[in-house]
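> Below is the file start-v8.cif, with mmCIF, C-alpha atoms.
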```
data_coords
loop_
_atom_site.label_atom_id
_atom_site.label_comp_id
_atom_site.auth_asym_id
_atom_site.auth_seq_id
_atom_site.Cartn_x
_atom_site.Cartn_y
_atom_site.Cartn_z
CA MET A 1 74.41 271.21 141.41
CA ALA A 2 74.07 272.19 137.76
CA GLN A 3 70.72 271.56 136.20
CA SER A 4 70.60 270.57 132.58
CA ASN A 5 67.76 269.64 130.30
CA SER A 6 69.06 266.14 129.80
CA LEU A 7 68.67 265.49 133.51
CA LYS A 8 65.02 266.50 133.44
CA ALA A 9 64.12 263.30 131.58
CA SER A 10 65.40 261.03 134.34
CA VAL A 11 62.66 258.41 134.58
CA PRO A 12 62.44 257.76 130.82
CA SER A 13 66.18 257.24 130.52
CA TYR A 14 66.07 254.97 133.57
CA LEU A 15 63.34 252.90 131.94
CA LYS A 16 65.47 252.39 128.85
CA ASP A 17 67.79 250.20 130.91
CA ALA A 18 65.02 248.50 132.87
CA GLN A 19 63.62 245.16 131.86
CA LEU A 20 60.23 245.37 130.12
CA ILE A 21 58.03 242.59 131.43
CA LYS A 22 54.68 243.35 129.92
CA GLN A 23 53.09 245.78 127.51
CA GLY A 24 49.37 246.29 127.85
CA ALA A 25 46.93 248.67 126.27
CA GLU A 26 47.04 250.90 129.33
CA ALA A 27 50.54 250.61 130.68
CA ARG A 28 53.97 249.06 130.35
CA VAL A 29 55.36 247.12 133.27
CA TYR A 30 59.10 246.98 133.94
CA ARG A 31 61.36 245.40 136.51
CA GLY A 32 64.28 247.42 137.79
CA THR A 33 66.41 248.33 140.77
CA PHE A 34 65.44 251.33 142.84
CA LEU A 35 67.31 252.42 145.96
CA GLY A 36 68.90 249.01 146.10
CA ARG A 37 65.65 247.07 145.89
CA SER A 38 64.01 245.13 143.12
CA VAL A 39 60.95 247.06 141.95
CA ILE A 40 58.15 246.90 139.46
CA ILE A 41 57.56 250.10 137.54
CA LYS A 42 54.16 250.67 136.00
CA GLU A 43 54.33 253.31 133.27
CA ARG A 44 51.07 254.72 131.96
CA PHE A 45 52.31 256.00 128.65
CA PRO A 46 50.50 258.78 126.72
CA LYS A 47 47.72 257.57 124.46
CA LEU A 48 48.01 259.36 121.17
CA TYR A 49 44.51 258.38 120.11
CA ARG A 50 43.08 260.49 122.91
CA HIS A 51 42.73 264.22 123.06
CA PRO A 52 45.89 265.33 124.94
CA GLU A 53 44.10 267.20 127.73
CA VAL A 54 41.70 264.33 128.32
CA ASP A 55 44.58 261.88 128.22
CA GLU A 56 46.55 263.80 130.84
CA LYS A 57 43.58 264.12 133.19
CA LEU A 58 42.49 260.52 132.80
CA THR A 59 45.98 259.11 133.19
CA ARG A 60 46.61 261.19 136.28
CA ARG A 61 43.29 260.09 137.77
CA ARG A 62 44.00 256.41 137.09
CA THR A 63 47.43 256.75 138.71
CA THR A 64 46.14 258.45 141.84
CA GLN A 65 43.22 256.03 142.21
CA GLU A 66 45.58 253.10 141.93
CA VAL A 67 47.88 254.47 144.57
CA ARG A 68 45.05 255.45 146.92
CA SER A 69 43.45 252.01 146.69
CA ILE A 70 46.71 250.26 147.46
CA LEU A 71 47.25 252.38 150.55
CA ARG A 72 43.66 251.83 151.68
CA CYS A 73 44.01 248.07 151.30
CA ARG A 74 47.29 247.93 153.19
CA ARG A 75 45.88 249.98 156.04
CA ALA A 76 43.20 247.34 156.41
CA GLY A 77 45.74 244.54 156.42
CA ILE A 78 45.12 243.39 152.83
CA ASN A 79 48.33 242.56 151.07
CA ALA A 80 49.16 244.78 148.11
CA PRO A 81 52.59 245.87 146.84
CA VAL A 82 54.17 248.78 148.75
CA VAL A 83 54.36 252.01 146.77
CA TYR A 84 57.87 253.43 146.88
CA PHE A 85 57.61 256.43 144.55
CA VAL A 86 55.18 258.04 142.17
CA ASP A 87 56.31 260.28 139.31
CA TYR A 88 53.29 262.34 138.32
CA THR A 89 55.08 263.85 135.32
CA THR A 90 55.55 260.53 133.54
CA HIS A 91 52.75 258.70 135.43
CA CYS A 92 55.07 255.99 136.67
CA ILE A 93 54.46 254.06 139.85
CA PHE A 94 57.42 252.37 141.52
CA LEU A 95 56.16 249.36 143.45
CA GLU A 96 57.54 246.61 145.60
CA ASP A 97 58.51 243.59 143.52
CA ILE A 98 56.78 240.57 145.03
CA ILE A 99 59.42 237.93 144.55
CA HIS A 100 58.94 234.23 145.28
CA SER A 101 55.38 234.31 144.13
CA VAL A 102 53.20 232.71 141.52
CA SER A 103 49.96 234.03 140.10
CA VAL A 104 46.85 232.29 141.37
CA ARG A 105 46.06 231.60 137.74
CA ASP A 106 49.22 229.58 137.22
CA HIS A 107 48.81 227.92 140.59
CA ILE A 108 45.28 226.71 139.93
CA ALA A 109 46.36 225.41 136.54
CA SER A 110 49.09 223.31 138.11
CA GLU A 111 47.65 222.36 141.52
CA GLN A 112 46.25 218.83 141.67
CA ASN A 113 45.33 218.58 145.32
CA PRO A 114 41.61 219.46 145.74
CA GLN A 115 41.96 220.27 149.44
CA ARG A 116 44.65 222.85 148.73
CA LEU A 117 42.49 224.39 146.02
CA GLN A 118 39.59 224.62 148.43
CA ALA A 119 41.76 226.26 151.06
CA LEU A 120 42.84 228.75 148.39
CA ALA A 121 39.22 229.47 147.45
CA ASP A 122 38.43 230.05 151.11
CA LYS A 123 41.32 232.49 151.42
CA ILE A 124 40.40 234.41 148.28
CA GLY A 125 36.81 234.79 149.49
CA GLU A 126 38.10 236.01 152.82
CA VAL A 127 40.48 238.60 151.33
CA LEU A 128 37.89 239.95 148.88
CA ALA A 129 35.36 240.24 151.70
CA GLN A 130 37.90 242.27 153.66
CA MET A 131 38.58 244.47 150.66
CA HIS A 132 34.91 245.12 149.96
CA ASP A 133 34.28 245.82 153.63
CA GLU A 134 36.85 248.61 153.20
CA ASP A 135 34.75 249.81 150.26
CA VAL A 136 37.59 249.19 147.80
CA ILE A 137 36.43 247.99 144.41
CA HIS A 138 39.30 246.32 142.58
CA GLY A 139 37.78 246.71 139.15
CA ASP A 140 39.80 244.02 137.42
CA LEU A 141 39.53 240.90 139.51
CA THR A 142 41.11 237.99 137.73
CA THR A 143 43.29 235.16 138.94
CA SER A 144 46.21 236.78 137.14
CA ASN A 145 45.89 239.77 139.44
CA MET A 146 46.31 237.70 142.58
CA LEU A 147 49.70 236.45 143.67
CA LEU A 148 50.41 233.54 145.96
CA ILE A 149 53.58 233.83 148.02
CA THR A 150 55.42 230.54 147.66
CA GLY A 151 57.47 229.40 150.54
CA ALA A 152 58.06 226.75 153.11
CA ASP A 153 55.04 227.89 155.13
CA GLN A 154 52.33 225.52 153.88
CA GLN A 155 50.02 226.29 156.78
CA HIS A 156 49.20 229.86 155.88
CA ILE A 157 48.23 231.08 152.46
CA HIS A 158 49.63 234.52 151.69
CA LEU A 159 47.72 236.28 148.96
CA VAL A 160 48.78 239.58 147.41
CA LEU A 161 46.39 241.60 145.25
CA ILE A 162 47.95 243.53 142.38
CA ASP A 163 46.97 245.84 139.53
CA PHE A 164 44.66 248.35 141.13
CA GLY A 165 44.57 250.39 137.93
CA LEU A 166 40.81 250.27 137.56
CA SER A 167 40.02 250.44 141.23
CA TYR A 168 37.91 252.99 143.07
CA ILE A 169 36.22 253.57 146.40
CA SER A 170 32.53 252.71 146.66
CA ALA A 171 30.15 251.52 149.35
CA LEU A 172 27.49 250.39 146.86
CA ALA A 173 26.54 246.73 146.92
CA GLU A 174 25.99 247.00 143.16
CA ASP A 175 29.67 247.89 142.57
CA LYS A 176 30.84 245.06 144.81
CA GLY A 177 28.48 242.66 143.07
CA VAL A 178 29.89 243.69 139.69
CA ASP A 179 33.43 243.25 141.05
CA LEU A 180 32.60 239.65 141.96
CA TYR A 181 30.85 239.11 138.63
CA VAL A 182 34.00 240.18 136.80
CA LEU A 183 35.93 237.63 138.83
CA GLU A 184 33.37 234.93 138.21
CA LYS A 185 33.51 235.42 134.45
CA ALA A 186 37.31 235.51 134.43
CA PHE A 187 37.59 232.56 136.80
CA LEU A 188 35.24 230.24 134.94
CA SER A 189 36.60 231.08 131.53
CA THR A 190 40.25 230.70 132.56
CA HIS A 191 39.85 227.59 134.68
CA PRO A 192 37.57 224.96 133.15
CA LYS A 193 35.17 222.98 135.35
CA THR A 194 35.72 225.04 138.51
CA GLU A 195 32.12 225.97 139.25
CA THR A 196 32.14 224.25 142.65
CA LEU A 197 35.43 225.87 143.54
CA PHE A 198 34.03 229.32 142.79
CA GLU A 199 30.91 228.46 144.81
CA ARG A 200 33.19 227.75 147.71
CA LEU A 201 34.91 231.10 147.19
CA LEU A 202 31.56 232.87 147.35
CA LYS A 203 30.60 230.93 150.48
CA SER A 204 33.80 232.04 152.13
CA TYR A 205 33.13 235.62 151.02
CA THR A 206 29.62 235.50 152.47
CA ALA A 207 30.90 234.16 155.77
CA SER A 208 33.71 236.71 156.05
CA SER A 209 31.96 239.89 154.98
CA LYS A 210 29.69 241.91 157.19
CA LYS A 211 27.69 243.26 154.28
CA SER A 212 27.65 240.22 152.02
CA LEU A 213 23.91 239.62 151.82
CA ALA A 214 23.19 242.71 149.74
CA VAL A 215 26.27 242.10 147.60
CA ILE A 216 25.37 238.51 146.72
CA LYS A 217 21.83 239.62 145.95
CA LYS A 218 23.23 242.19 143.52
CA LEU A 219 25.55 239.55 142.05
CA ASP A 220 22.52 237.38 141.25
CA GLU A 221 20.83 240.36 139.62
CA VAL A 222 23.93 241.23 137.58
CA ARG A 223 24.24 237.62 136.40
CA LEU A 224 20.77 237.88 134.94
CA ARG A 225 21.70 241.12 133.26
CA GLY A 226 24.90 239.93 131.59
CA ARG A 227 25.67 239.52 127.92
CA LYS A 228 23.50 237.15 125.88
CA ARG A 229 20.85 237.05 128.52
CA SER A 230 17.19 237.14 127.64
CA MET A 231 15.62 240.42 128.74
CA VAL A 232 12.23 238.83 129.22
CA GLY A 233 10.37 239.93 132.27
CA MET B 1 80.22 253.51 159.19
CA GLN B 2 78.47 255.98 156.94
CA LEU B 3 76.17 254.73 154.25
CA THR B 4 76.43 255.93 150.67
CA HIS B 5 73.87 255.11 148.01
CA ASP B 6 73.41 256.30 144.46
CA LEU B 7 70.04 257.49 143.24
CA GLU B 8 69.29 255.25 140.26
CA LEU B 9 66.89 257.79 138.79
CA PHE B 10 69.41 260.60 139.13
CA PRO B 11 72.76 259.00 138.34
CA VAL B 12 74.65 262.23 139.01
CA TYR B 13 73.66 262.25 142.68
CA THR B 14 74.64 260.24 145.70
CA VAL B 15 73.14 260.17 149.18
CA THR B 16 75.41 259.83 152.20
CA GLN B 17 74.01 259.16 155.64
CA LEU B 18 75.81 259.56 158.97
CA LEU B 19 74.55 258.61 162.39
CA PHE B 20 75.71 259.92 165.76
CA ARG B 21 74.73 259.24 169.33
CA ASP B 22 75.65 260.85 172.66
CA VAL B 23 75.53 264.17 170.89
CA LYS B 24 76.14 267.13 173.17
CA ASN B 25 75.94 270.06 170.79
CA ALA B 26 72.56 269.63 169.12
CA THR B 27 71.79 273.35 169.47
CA GLU B 28 74.99 274.32 167.67
CA LEU B 29 74.45 271.73 164.94
CA ARG B 30 70.95 272.98 164.32
CA LYS B 31 72.29 276.54 163.92
CA MET B 32 74.96 275.29 161.52
CA ALA B 33 72.35 273.54 159.41
CA VAL B 34 70.23 276.67 159.27
CA ASN B 35 73.08 279.05 158.37
CA GLY B 36 74.48 276.64 155.79
CA GLU B 37 77.71 275.68 157.58
CA ILE B 38 76.53 272.10 157.41
CA LYS B 39 74.96 271.42 154.03
CA GLY B 40 72.75 268.55 155.03
CA ALA B 41 69.47 267.50 156.62
CA LEU B 42 69.65 266.90 160.35
CA ILE B 43 67.06 264.34 161.31
CA ASN B 44 65.85 262.95 164.62
CA PRO B 45 66.88 259.24 164.52
CA SER B 46 64.04 258.13 166.79
CA MET B 47 61.74 258.80 163.83
CA VAL B 48 63.83 256.72 161.43
CA VAL B 49 63.06 253.04 161.01
CA ASP B 50 65.66 252.22 158.40
CA ALA B 51 68.11 253.90 156.05
CA PHE B 52 65.80 252.97 153.16
CA GLN B 53 63.20 255.39 154.53
CA ILE B 54 65.74 258.20 154.19
CA LEU B 55 66.56 257.18 150.62
CA VAL B 56 62.90 257.28 149.66
CA ALA B 57 62.57 260.79 151.13
CA ALA B 58 65.76 261.95 149.42
CA ASN B 59 64.75 260.48 146.05
CA LYS B 60 61.41 262.26 146.14
CA ALA B 61 63.08 265.52 147.20
CA VAL B 62 65.59 265.40 144.35
CA HIS B 63 62.80 264.55 141.89
CA LEU B 64 60.67 267.52 142.99
CA HIS B 65 63.72 269.78 143.03
CA LYS B 66 64.48 268.85 139.42
CA ILE B 67 60.97 269.69 138.24
CA GLY B 68 60.75 272.80 140.40
CA LYS B 69 57.84 271.50 142.45
CA MET B 70 59.27 271.33 145.98
CA LYS B 71 56.96 272.37 148.77
CA THR B 72 59.74 273.78 150.94
CA ARG B 73 62.56 276.16 150.13
CA SER B 74 65.58 273.87 150.04
CA LEU B 75 66.44 270.30 149.13
CA TYR B 76 67.31 269.46 152.71
CA SER B 77 64.14 270.88 154.22
CA GLU B 78 62.26 268.95 151.52
CA ILE B 79 63.83 265.69 152.67
CA ILE B 80 62.64 266.36 156.21
CA PHE B 81 59.18 267.33 154.93
CA ASN B 82 58.92 264.14 152.86
CA LEU B 83 59.39 262.03 155.96
CA SER B 84 56.27 263.49 157.54
CA PRO B 85 52.84 261.89 156.99
CA THR B 86 51.17 265.31 156.98
CA ASN B 87 51.37 268.31 154.70
CA ASN B 88 52.13 270.74 157.51
CA ILE B 89 55.69 271.92 156.97
CA SER B 90 56.41 273.37 160.41
CA GLU B 91 55.03 270.26 162.06
CA ALA B 92 57.37 268.16 159.94
CA PHE B 93 60.40 270.17 161.04
CA LYS B 94 59.32 269.94 164.65
CA ARG B 95 58.85 266.18 164.63
CA PHE B 96 61.53 265.02 162.22
CA GLY B 97 64.19 267.69 162.50
CA ILE B 98 66.45 267.76 165.52
CA SER B 99 65.70 269.85 168.56
CA ASP B 100 68.11 271.38 171.03
CA SER B 101 67.55 268.62 173.57
CA ASP B 102 68.30 265.71 171.21
CA SER B 103 71.23 263.46 171.96
CA ALA B 104 71.33 261.64 168.65
CA VAL B 105 71.36 262.95 165.12
CA HIS B 106 71.02 261.42 161.66
CA ILE B 107 72.71 263.51 158.99
CA VAL B 108 71.73 263.19 155.34
CA LEU B 109 73.81 264.66 152.55
CA VAL B 110 72.97 264.78 148.87
CA HIS B 111 75.85 265.53 146.60
CA ASN B 112 77.27 265.21 143.15
CA LYS B 113 78.95 261.85 142.67
CA GLU B 114 82.00 263.51 141.17
CA GLU B 115 82.74 265.95 143.97
CA THR B 116 84.72 264.56 146.88
CA LEU B 117 82.79 265.11 150.03
CA ASN B 118 84.64 266.27 153.11
CA ILE B 119 82.94 263.95 155.56
CA ASP B 120 85.62 264.36 158.18
CA ASP B 121 84.86 268.06 158.28
CA ILE B 122 81.26 267.31 159.19
CA ILE B 123 82.22 264.60 161.66
CA SER B 124 84.51 267.03 163.44
CA LYS B 125 81.64 269.47 163.92
CA VAL B 126 79.58 266.89 165.81
CA ASP B 127 80.34 266.49 169.50
CA GLY B 128 79.23 262.90 169.72
CA GLN B 129 80.03 259.35 168.79
CA GLN B 130 79.61 258.19 165.21
CA ILE B 131 77.92 254.80 164.86
CA ALA B 132 77.07 252.65 161.86
CA VAL B 133 73.95 253.86 160.04
CA ASP B 134 72.33 250.44 160.12
CA GLN B 135 72.22 250.78 163.89
CA VAL B 136 69.52 253.43 163.52
CA SER B 137 66.96 250.74 164.29
CA ASP B 138 68.32 250.68 167.86
CA LEU B 139 67.35 254.33 168.18
CA THR B 140 63.92 253.95 166.59
CA ASP B 141 60.93 254.83 168.72
CA ALA B 142 58.45 252.43 167.11
CA ALA B 143 55.55 253.41 169.37
CA LYS B 144 55.94 257.10 168.53
CA ILE B 145 56.17 256.32 164.82
CA LYS B 146 53.10 254.07 164.88
CA LYS B 147 51.15 256.79 166.64
CA LEU B 148 52.23 259.59 164.29
CA TYR B 149 51.75 257.62 161.08
CA LYS B 150 48.55 256.04 162.47
CA VAL B 151 49.67 252.48 161.79
CA ALA B 152 47.07 250.05 163.12
CA PRO B 153 48.00 246.54 164.27
CA GLN B 154 46.05 245.08 161.33
CA GLU B 155 48.37 246.77 158.86
CA GLU B 156 51.32 244.97 160.32
CA LYS B 157 49.80 241.73 159.08
CA CYS B 158 50.78 242.62 155.54
CA GLY B 159 54.14 244.22 156.08
CA SER B 160 56.76 245.74 158.30
CA LEU B 161 56.63 249.13 159.96
CA LEU B 162 59.09 250.31 157.31
CA ASP B 163 56.64 249.27 154.57
CA ALA B 164 53.82 251.19 156.26
CA VAL B 165 55.94 254.31 156.65
CA VAL B 166 57.38 254.26 153.13
CA CYS B 167 53.99 253.67 151.54
CA ARG B 168 52.54 256.69 153.30
CA MET B 169 55.51 258.84 152.36
CA ALA B 170 55.09 257.88 148.71
CA THR B 171 51.35 258.44 148.63
CA LYS B 172 51.07 261.49 150.87
CA ASP B 173 50.15 263.86 148.03
CA VAL B 174 47.02 261.96 147.04
CA ALA B 175 45.84 260.01 150.05
#
```
Could you express the structure from this file as structure tokens?

Amino acid sequence: MAQSNSLKASVPSYLKDAQLIKQGAEARVYRGTFLGRSVIIKERFPKLYRHPEVDEKLTRRRTTQEVRSILRCRRAGINAPVVYFVDYTTHCIFLEDIIHSVSVRDHIASEQNPQRLQALADKIGEVLAQMHDEDVIHGDLTTSNMLLITGADQQHIHLVLIDFGLSYISALAEDKGVDLYVLEKAFLSTHPKTETLFERLLKSYTASSKKSLAVIKKLDEVRLRGRKRSMVG
Amino acid sequence: MQLTHDLELFPVYTVTQLLFRDVKNATELRKMAVNGEIKGALINPSMVVDAFQILVAANKAVHLHKIGKMKTRSLYSEIIFNLSPTNNISEAFKRFGISDSDSAVHIVLVHNKEETLNIDDIISKVDGQQIAVDQVSDLTDAAKIKKLYKVAPQEEKCGSLLDAVVCRMATKDVA
């Protein structure tokens, strides 16, 4: 097996033929075929505005945290895409492509039936409670980062959490409270007039989590702290 | 019968898998793998859930080989090591490699796409019956795998045993 320099750059040349789905500030997301399966590849490209050593360390840390959080969630029975391969030289994560799914964001925007929306809110609260009970902080909870598996099975709601790029492990109620606050802000700004729906989500969270009391208390505190809040007191 | 799959990330290479049961010369085969007569990884099929698991291990091995960061000394021992959920190399060989008393063997070959592989030569060395690689699930010892990889029943709510195994293989270095 002859080794040549051109073969060293295997992932980048593979990505050239893959389909770019999204380009964010942090990473590029592609769809491709890997070992016969459809995969999503998340490439954390080098940030030239950062000092190179800092960039390398930070990017590597983000990649490993993402991968660790996904594994931790799956072990607890929380649905997250399976990790197939991680290339630590190019900081690319090869993940399971969740086909036949729609983002919760798109679903809420199109769903008319209030009962189905309530059932969804219940499920989200339940899943987040499970995740926080595992001490996994998602870090970027939005309805775009939750996928709903579409299928004939209307009885059970299958939710998959994605994009664990800003996630970390923490047992602190403060961190969990902030996680929920991020979701609340994203939820209410993306989906107009859904305050009662989010209330229901929090109720479900409280009922499903063993440590919810402290978390909700922190959430209330964080709400008071947020932007454009009077610091009187 | 045998299963051949290209590695998309390494277009020059191809992975061929062969599966045998009722094998009577496991001891000999093991010696042949060690002395290089058989240039392949000899794996215990009871630890294999699906051919995809082997591809994931092989892909990672070829990747690490290319960047000079393998943990073991050869590509084939690296494939066996990648299957294991732990970082202990000798334990990996013990659990995933074949032992003298095994009656089934899963052979994995990684080769250049261009070179014609003499599969018949390898088949002739095995004193056993070749079966289709997708039948490896018949030989899987799910209970043993669940115990070794520490797969709890709750994890099976979000995926198959194959998903659990592959995810651990891919994240072993950081988890």
> So which residues get picked by the PyMOL selection byres ((chain B) within 6 of (chain A)) here, written as a ChimeraX atom specification?
/B:9,154-155,157-158,167,170,175
> Could you pull the residues within 8 Å of Ser208 (chain A), counting only C-alpha atoms, minus those fewer than 4 positions along the same chain, as an MDAnalysis selection string?
chainID A and resid 125:126 129:130 204
> Using CA of Ile145 (chain B) and CA of Met47 (chain B) as the two end points, give the distance in Å to one decimal.
6.2 Å
> What does the distance between CA of Arg223 (chain A) and CA of Tyr181 (chain A) come to in Å, to one decimal place?
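Taking CA of Arg223 (chain A) as the start and CA of Tyr181 (chain A) as the end point, the length is 7.1 Å.
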> Once the PyMOL selection byres ((chain B and resi 56) around 12) is applied to the coordinates I shared, what remains selected? I want it as a PyMOL selection string.
(chain A and resi 34-37+83-86+94) or (chain B and resi 5-9+15+48+50-55+57-63+78-83+162-163+165-171)
> On this file, the PyMOL selection byres ((chain A and resi 184) around 10) gives some set of residues; write that set as a PyMOL selection string.
chain A and resi 141-143+178-183+185-190+195+198-199+201-202+219+223
> State, in Å with one decimal place, the distance from CA of Ala152 (chain B) to CA of Thr150 (chain A).
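Between these atoms lies a distance of 26.3 Å.
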> As lines of an AutoDock Vina configuration file, please report the centre and edge lengths, rounded to one decimal in Å, of the axis-aligned box that holds all listed atoms of region 26-38 of chain B with 5 Å of padding on each of the six sides.

```
center_x = 74.0
center_y = 274.3
center_z = 162.6
size_x = 17.5
size_y = 19.4
size_z = 23.7
```
> Using all atoms listed in the file for the distances, tell me which of A:Gln155, A:Gln19, A:Ser101, A:Ser170 is nearest to Val136 (chain A).
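Counting all atoms listed in the file, the residue closest to Val136 (chain A) is A:Ser170.
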> List the spatial neighbours of Glu37 (chain B) as number ranges by chain - criterion: any atom at most 12 Å away, all atoms listed in the file, same-chain residues fewer than 3 positions off excluded.
B: 28-34, 40-41, 121-122, 125
> Just the residues within 12 Å of Ala143 (chain B), please, counting all atoms listed in the file, with nothing from its chain fewer than 6 positions along; format it as a ChimeraX atom specification.
/B:46-49,149-153,161
> Counting only C-alpha atoms, what is within 12 Å of Ser209 (chain A), bar same-chain residues fewer than 3 positions away, as a ChimeraX atom specification?
/A:125-135,173,176,202-206,212-216
> Keeping only C-alpha atoms, write those residues as a PDB file, keeping the file's coordinate frame.

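Below is the file out00.pdb, written as the result:
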```pdb
ATOM      1  CA  GLY A 125      36.810 234.790 149.490  1.00  0.00           C
ATOM      2  CA  GLU A 126      38.100 236.010 152.820  1.00  0.00           C
ATOM      3  CA  VAL A 127      40.480 238.600 151.330  1.00  0.00           C
ATOM      4  CA  LEU A 128      37.890 239.950 148.880  1.00  0.00           C
ATOM      5  CA  ALA A 129      35.360 240.240 151.700  1.00  0.00           C
ATOM      6  CA  GLN A 130      37.900 242.270 153.660  1.00  0.00           C
ATOM      7  CA  MET A 131      38.580 244.470 150.660  1.00  0.00           C
ATOM      8  CA  HIS A 132      34.910 245.120 149.960  1.00  0.00           C
ATOM      9  CA  ASP A 133      34.280 245.820 153.630  1.00  0.00           C
ATOM     10  CA  GLU A 134      36.850 248.610 153.200  1.00  0.00           C
ATOM     11  CA  ASP A 135      34.750 249.810 150.260  1.00  0.00           C
ATOM     12  CA  ALA A 173      26.540 246.730 146.920  1.00  0.00           C
ATOM     13  CA  LYS A 176      30.840 245.060 144.810  1.00  0.00           C
ATOM     14  CA  LEU A 202      31.560 232.870 147.350  1.00  0.00           C
ATOM     15  CA  LYS A 203      30.600 230.930 150.480  1.00  0.00           C
ATOM     16  CA  SER A 204      33.800 232.040 152.130  1.00  0.00           C
ATOM     17  CA  TYR A 205      33.130 235.620 151.020  1.00  0.00           C
ATOM     18  CA  THR A 206      29.620 235.500 152.470  1.00  0.00           C
ATOM     19  CA  SER A 212      27.650 240.220 152.020  1.00  0.00           C
ATOM     20  CA  LEU A 213      23.910 239.620 151.820  1.00  0.00           C
ATOM     21  CA  ALA A 214      23.190 242.710 149.740  1.00  0.00           C
ATOM     22  CA  VAL A 215      26.270 242.100 147.600  1.00  0.00           C
ATOM     23  CA  ILE A 216      25.370 238.510 146.720  1.00  0.00           C
TER      24      ILE A 216
END
```
> Excluding region 43-56 of chain A and any residue of its chain fewer than 3 positions from it, enumerate the residues within 9 Å of it, using only C-alpha atoms, and give them as a PyMOL selection string.
chain A and resi 26-30+59-63+90-94
